[in-house]
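K.L.:
The structure follows.
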Amino acid sequence: MGEEVIKESDVHQRTIQKIKLQVLGSKSCFPSKNTGFKYSPLLSHCMDIDNKLTLIKRNTAEITTEAELIALLKENKTPSVYLGTAITGKPHIGYFVWGLKLADFLKAGFRVVVLLADLHGALDNTPWELLEKRYQYYELVIRGMFDALGVSTSKLEIVKGSSFQLSKEYIHDLLKMATFASVHDAKKASSEVVKQSDNPKLSGLIYPLMQALDEEYLKVDIQYGGIDQRKILMFAREYLPKIGYKPRIELMTPLIPGLIGEKMSASKEDSKIDLLETKESIKSKVSKAYCPEAIAEQNGVLAFASNVIMAMKQDKDEKLMIKRPVKFGGDISFSGAKELEHAYLSKQLHPMDLKNAVIDEVNALLEPIRKKMEGKGSLIKEAYPQK
Ligand code: STL
């Protein structure tokens, strides 16, 4: 009775605040001022296991298993994690969600690997002749995204799938796993990730086997992916041990809705904003987006504002400023996702004002990526010839 009810998200926020205080108040951790909450390798030494766990767990949908994660953090070594993305369509702003989570892992002292899975792209119907150019495009744009996040890419390993997936050992293990995995299980595993058709190719069945092997060959403790990867991650957990390798921890974050109220997908133009979208096009797509007043479900504009914009602002101790005419309540600012969501759901913030703020924020966020791609017009044309 009378006790303050503390929500899990508040606990996370308080822990982050506590970490910031610990770190900023400690000379041994931060020799210089003005570091904000950046990704100092020293930072992880100052964090105890509880704080690391809180950071890693924030905004996750599932961890299989949390007990294994805790045990990993307790082992006194540098743990490692990887996220894979297949070279398919074009990277979009949904990638910022995993970029932020990888930044959390870096802060917690992990070795972080980003796998750019070119062969998986081909297995999922990216034309073979475009694969190399698309890979080059992905690599540049994803480096630009980490610039935008303030994460130095020197702290990450960016690995090309085909650089190790064609080794004798890997192919041997792939064939070995194929003698254990049933067609039924491989089909089920890839059903939400690989494009489906009436006459499915064999490649879609090879895809999950290779993704499982990647965990072993990248020598990581954790595979991280969106919750849409769940079946494939569970397949990896089941099948790696069958060929004598240890199962890895699988960690998933929720997907944010696209702009037209469905899953953000590379194949639906209006549902997503490319990492190289122009200012005019961002304005047009966000203006048209599904963003009903006071409703959070399927609201991609609010979801991006909460999960990406507010998360980044909060880590930098900044507020989101929204400009409004005096007749609509005047300028308003928000310190965190919860504050923003509360104002939106209680109609203190109108969709139009949220959209305008998101247009400006996304535009500013993508600027470092545009810079990175300056003078790369011919690469873009070769990677995406029809456009
Ligand atoms: C997609 C979309 C997406 C993630 C992936 C693919 C992941 C692919 C992958 C491939 C190999 C791995 C791990 C992940 O080892 O959001 O089309």
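Every chain in the structure tokens takes a letter, A first, then B, and so on in the order presented; its residues are numbered from 1, and the ligands are numbered from 1 following the presented order.
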Can you list every residue of chain A that has an atom at most 10 Å from ligand 1, with its nearest atom pair and the distance in Å to one decimal, using only C-alpha atoms and all ligand atoms, ordered by chain then number, as a tab-separated table?
P.N.:
residue	atom	partner	partner_atom_place_in_ligand_line	distance
A:Tyr82	CA	ligand 1	13 (C)	8.0
A:Leu83	CA	ligand 1	13 (C)	6.1
A:Gly84	CA	ligand 1	14 (C)	3.5
A:Thr85	CA	ligand 1	7 (C)	3.8
A:Ala86	CA	ligand 1	6 (C)	4.3
A:Ile87	CA	ligand 1	17 (O)	7.2
A:Thr88	CA	ligand 1	17 (O)	6.2
A:Gly89	CA	ligand 1	17 (O)	8.2
A:Pro91	CA	ligand 1	16 (O)	9.1
A:His92	CA	ligand 1	16 (O)	9.9
A:Gly94	CA	ligand 1	16 (O)	8.7
A:Tyr95	CA	ligand 1	16 (O)	7.9
A:Trp98	CA	ligand 1	16 (O)	9.4
A:Val114	CA	ligand 1	13 (C)	9.1
A:Leu115	CA	ligand 1	12 (C)	6.7
A:Leu116	CA	ligand 1	10 (C)	7.5
A:Ala117	CA	ligand 1	10 (C)	5.2
A:Asp118	CA	ligand 1	10 (C)	8.3
A:Leu119	CA	ligand 1	10 (C)	8.4
A:His120	CA	ligand 1	10 (C)	5.6
A:Gly121	CA	ligand 1	17 (O)	7.0
A:Leu123	CA	ligand 1	10 (C)	9.9
A:Asp124	CA	ligand 1	17 (O)	7.4
A:Gly161	CA	ligand 1	11 (C)	7.6
A:Gln165	CA	ligand 1	15 (O)	9.9
A:Glu192	CA	ligand 1	17 (O)	9.5
A:Val193	CA	ligand 1	17 (O)	5.9
A:Val194	CA	ligand 1	17 (O)	6.7
A:Lys195	CA	ligand 1	17 (O)	8.3
A:Tyr207	CA	ligand 1	10 (C)	7.5
A:Pro208	CA	ligand 1	11 (C)	7.8
A:Leu209	CA	ligand 1	15 (O)	9.1
A:Met210	CA	ligand 1	15 (O)	6.6
A:Gln211	CA	ligand 1	15 (O)	3.7
A:Ala212	CA	ligand 1	15 (O)	6.6
A:Leu213	CA	ligand 1	15 (O)	7.3
A:Asp214	CA	ligand 1	15 (O)	4.7
A:Glu215	CA	ligand 1	15 (O)	6.6
A:Glu216	CA	ligand 1	15 (O)	9.6
A:Tyr217	CA	ligand 1	15 (O)	9.5
A:Leu218	CA	ligand 1	15 (O)	8.8
A:Gln223	CA	ligand 1	13 (C)	7.7
A:Tyr224	CA	ligand 1	13 (C)	8.4
A:Gly225	CA	ligand 1	4 (C)	6.9
A:Gly226	CA	ligand 1	16 (O)	6.6
A:Ile227	CA	ligand 1	16 (O)	9.4
A:Asp228	CA	ligand 1	16 (O)	7.8
A:Gln229	CA	ligand 1	4 (C)	7.2
A:Ile232	CA	ligand 1	14 (C)	8.8
A:Leu233	CA	ligand 1	13 (C)	8.7
A:Ala236	CA	ligand 1	15 (O)	9.7
A:Leu255	CA	ligand 1	16 (O)	9.3
A:Met264	CA	ligand 1	16 (O)	9.5
A:Ser265	CA	ligand 1	2 (C)	8.5
A:Ala266	CA	ligand 1	2 (C)	8.3
K.L.:
Which residues in region 208-335 of chain A does DSSP call strand (DSSP E)? List them as a ChimeraX atom specification.
P.N.:
/A:222-226,249-253,320-322,332-334
K.L.:
A:Leu130, A:Ile63, A:Met310, A:Ala71: which is nearest Lys338 (chain A), counting only C-alpha atoms?
P.N.:
A:Met310
K.L.:
Set the distance at 10 Å and use only C-alpha atoms: which residues neighbour Lys57 (chain A) once local chain neighbours fewer than 3 positions away are removed? I'd like the list as an MDAnalysis selection string.
P.N.:
chainID A and resid 12 51:54 60:63 66 69 101 104:105 251:253
K.L.:
If I take CA of Met145 (chain A) and CA of Lys372 (chain A), how far is one from the other in Å, to one decimal?
P.N.:
9.4 Å
K.L.:
Could you please determine the separation between CA of Phe110 (chain A) and CA of Asp221 (chain A) in Å, to one decimal place?
P.N.:
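These two atoms are separated by 9.9 Å.
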K.L.:
Name the residues in contact with Leu100 (chain A) at a cut-off of 8 Å, using only C-alpha atoms, excluding same-chain residues fewer than 4 positions from it; report them as a PyMOL selection string.
P.N.:
chain A and resi 96+104+149+308+312
K.L.:
Mind dumping the selected residues with N, CA and C atoms as a short mmCIF file (atom, residue, chain, number, x, y, z; two decimals), in the first residue's frame?
P.N.:
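Below you can see out.cif, which holds the result:
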data_model
loop_
_atom_site.label_atom_id
_atom_site.label_comp_id
_atom_site.auth_asym_id
_atom_site.auth_seq_id
_atom_site.Cartn_x
_atom_site.Cartn_y
_atom_site.Cartn_z
N PHE A 96 18.54 0.78 -37.64
CA PHE A 96 18.99 1.53 -36.46
C PHE A 96 18.64 0.80 -35.16
N ASP A 104 24.77 -1.14 -27.31
CA ASP A 104 24.63 -1.59 -25.91
C ASP A 104 25.65 -2.69 -25.61
N LEU A 149 25.22 6.79 -35.43
CA LEU A 149 24.95 6.39 -34.03
C LEU A 149 26.07 6.83 -33.09
N VAL A 308 14.17 4.56 -31.46
CA VAL A 308 15.46 5.00 -31.99
C VAL A 308 15.77 6.43 -31.55
N MET A 312 18.43 7.33 -28.56
CA MET A 312 19.69 8.03 -28.84
C MET A 312 19.80 9.32 -28.05
#
K.L.:
Taking into account only C-alpha atoms, which residue in the set A:Pro368, A:Glu132, A:Phe180, A:Ala122 is nearest to Gly204 (chain A)?
P.N.:
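Under the stated criterion, the closest residue is A:Ala122.
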K.L.:
Residues near Leu366 (chain A), anyone? I mean within 10 Å using only C-alpha atoms, not counting same-chain ones fewer than 5 positions away, as number ranges by chain.
P.N.:
A: 93, 141, 144-145, 147-149, 274-279, 361, 371
K.L.:
Rank nothing, just name the residue among A:Ala189, A:Lys355, A:Ser284, A:Leu379 nearest to Arg237 (chain A), using only C-alpha atoms.
P.N.:
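Among A:Ala189, A:Lys355, A:Ser284, A:Leu379, it is A:Ala189 that comes nearest to Arg237 (chain A).
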